[in-house]
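The next block holds one structure in the form of structure tokens; read it before the comments.
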Amino acid sequence: MATAFFDRLADRIASVDSVVSVGLDSQLDRLPEHLQDHDLPQWAFNRRIIDATHEHAACYKPNAAFYESADGWRALRETIAYAHGKDVPVLLDAKRADIGNTTRQYAEILDEVDAITVNPYMGHDSLQPFLDRADKGVFVLCRTSNPGRTDFQDLELDSGGTLYERVADRAVAWNEHNNVGLVVGATGPDELEAIREQVPSIPFLVPGVGAQGGDAKAAVEHGLRDDGVGLVNSSRGIIFAGENKGEDFAAAAGQSAKQLKQRLNQYRGDD
């Protein structure tokens with residue numbers, strides 16, 4: 001029987017003493033000029049980023065939006081294989097969900113990656129094929145880091161509480177295989193703390209600490225479960241740290257990943 005994702009993640013966190021998730025949002029027009037002539041520029045970029053950051057990375061999180069072309073999917077597959085070769089799990093940020101055959105088709109990507117983000121708006125049946133993969137991680141969008149989160153997530157329910165609090169409750173009910181996590185942004189530290197109190201057993205993926213300026217202290221103190229399992233993500237803040245440094249871009253990314261690890265570890269108490 002395959003080892004559950006969060007057990008593998010716990011081992012990875014312990015081995016590199018890091019909860020940093022490196023977001024591989026490899027936007028083509030921001031890649032270094034000297035890589036643009038490669039057959040797969042995103043793969044050329046990602047390989048160098050992985051080489052420079054893997055010793056500080058608990059996980060890599062490519063966002064599917066940056067790979068939705070024929071060459072993009074090829075680059076993504078190469079990236080996933082290379083990360084796995086470095087013993088780093090890969091979480092695909094795809095925010096998938098649908099009904100019937102469509103969501104079953106979406107879930108087949110879990111044959112290649114270790115975890116995925118999903119959108120709960122369509123309810124339990126839209127997530128079932130993901131949840132059924134007991135060895136894979138399923139991170140349910142709960143409280144996001146963007147300004148427009150208030151449009152729906154803050155809505156008060158007749159039964160009490162907000163919509164995002166209801167999502168957190170449902171995630172606990174869906175966690176039959178202990179493979180469910182929540183996406184909870186670092187830009188609302190008070191809400192992050194409240195959701196952690198509401199669902200103490202669920203690991204969080206906490207975006208928004210890098211370029212979005214989220215609260216690193218709250219991300220660690222409330223984003224991580226009591227056993228220290230959880231992820232704090234930075235994408236642009238790491239991979240584009242050397243955007244104007246030419247061939248030194250990867251070294252700058254490695255330094256940024258190391259600095260974020262050290263910054264987070266001061267709150268983990270693991271220095």
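All residue names refer to the structure tokens as shown: chains lettered A, B, ... in order, residues numbered from 1 in each chain, ligands numbered from 1 in order.
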Test item: residues at most 10 Å from Ser26 of chain A, only C-alpha atoms, excluding those fewer than 2 positions along its chain, as a PDB file with C-alpha atoms, in the first residue's frame:
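Result saved to out.pdb:
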```pdb
ATOM      1  CA  GLY A  23       5.571  27.883  -6.438  1.00  0.00           C
ATOM      2  CA  LEU A  24       6.741  27.154  -9.971  1.00  0.00           C
ATOM      3  CA  LEU A  28       7.129  32.585 -20.159  1.00  0.00           C
ATOM      4  CA  ASP A  29       7.614  36.306 -20.686  1.00  0.00           C
ATOM      5  CA  ARG A  30       9.468  36.650 -17.377  1.00  0.00           C
ATOM      6  CA  LEU A  31      12.019  33.908 -18.021  1.00  0.00           C
ATOM      7  CA  PRO A  41      12.140  27.303 -21.900  1.00  0.00           C
ATOM      8  CA  GLN A  42       9.949  26.614 -18.858  1.00  0.00           C
ATOM      9  CA  TRP A  43      11.592  23.249 -18.310  1.00  0.00           C
ATOM     10  CA  PHE A  45      14.102  27.432 -16.150  1.00  0.00           C
ATOM     11  CA  ASN A  46      12.437  25.027 -13.710  1.00  0.00           C
ATOM     12  CA  PRO A  62       3.463  24.446 -10.179  1.00  0.00           C
ATOM     13  CA  ASN A  63       0.325  26.338 -11.136  1.00  0.00           C
ATOM     14  CA  ALA A  64      -1.369  24.634 -14.090  1.00  0.00           C
ATOM     15  CA  ALA A  65      -2.329  28.001 -15.612  1.00  0.00           C
ATOM     16  CA  PHE A  66       1.262  28.580 -16.717  1.00  0.00           C
ATOM     17  CA  TYR A  67       1.505  25.258 -18.561  1.00  0.00           C
ATOM     18  CA  GLY A  72       3.749  23.729 -21.404  1.00  0.00           C
ATOM     19  CA  LEU A  76       5.453  20.349 -16.642  1.00  0.00           C
ATOM     20  CA  SER A 235       6.085  31.691  -5.892  1.00  0.00           C
ATOM     21  CA  ARG A 236       7.248  34.917  -7.537  1.00  0.00           C
ATOM     22  CA  ILE A 239      11.591  32.032  -8.612  1.00  0.00           C
ATOM     23  CA  PHE A 240      11.886  35.617  -9.872  1.00  0.00           C
TER      24      PHE A 240
END
```
Open item on the list: I'd like the neighbourhood of Val20 of chain A as a PyMOL selection string, where a residue qualifies if any of its atoms comes within 12 Å (using only C-alpha atoms), though same-chain residues fewer than 4 positions away should be ignored.
Closed with: chain A and resi 9+12-14+16+53-61+88-89+205-207+209-210+216+219-220+223-224+229-235+237-238+254+256-265+268
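Shortest separation to Phe139 of chain A among A:His84, A:Pro203, A:Ala186, A:Leu192 occurs at residue A:Pro203, atoms counted being only C-alpha atoms.
Proximity of A:Phe130, A:Arg166, A:Ile116, A:Lys86 to Thr102 of chain A, computed with only C-alpha atoms, is greatest for A:Phe130.
With distances restricted to only C-alpha atoms, A:Gln153 is the closest residue to Pro120 of chain A from A:Gln255, A:Gln198, A:Gln153, A:Thr79.
Counting only C-alpha atoms and comparing A:Leu40, A:Ala241, A:Ile202, A:Ala70, the residue that lies closest to Asp227 of chain A is A:Ile202.
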Open item on the list: Based on the backbone DSSP call, show me all residues of segment 47-216 of chain A assigned strand (DSSP E), as a PyMOL selection string.
Closed with: chain A and resi 59-60+91-96+115-118+137-143+180-184+204-206
TODO: From the DSSP assignment of the backbone, select every residue of segment 22-269 of chain A that is helix (DSSP H, G or I), and format the answer as a PyMOL selection string.
DONE: chain A and resi 28-30+33-35+41-56+64-67+70-85+100-111+120-122+124-131+147-151+163-174+189-198+216-223+236-239+246-268
Open item on the list: Quick check, in Å to one decimal: how far apart do atom CA of Val180 of chain A and atom CA of Ala107 of chain A lie?
Closed with: 14.4 Å
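Restricting the calculation to only C-alpha atoms, the smallest distance between Leu141 of chain A and any of A:Thr117, A:Asn178, A:Thr103, A:Thr187 is found for A:Thr117.
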- [ ] Determine the nearest neighbour of Gly185 of chain A from the options A:Arg47, A:Lys217, A:Arg143, A:Arg133, counting only C-alpha atoms.
- [x] A:Arg143
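Atom CA of Ser201 of chain A lies 23.3 Å from atom CA of Val113 of chain A.
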Open item on the list: At a cut-off of 12 Å, using only C-alpha atoms, what residues contact Glu197 of chain A? Leave out same-chain residues fewer than 6 positions from it and give the result as a ChimeraX atom specification.
Closed with: /A:165,168-169,190-191,221-226
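Between atom CA of Asp87 of chain A and atom CA of Pro200 of chain A the interatomic distance comes to 27.9 Å.
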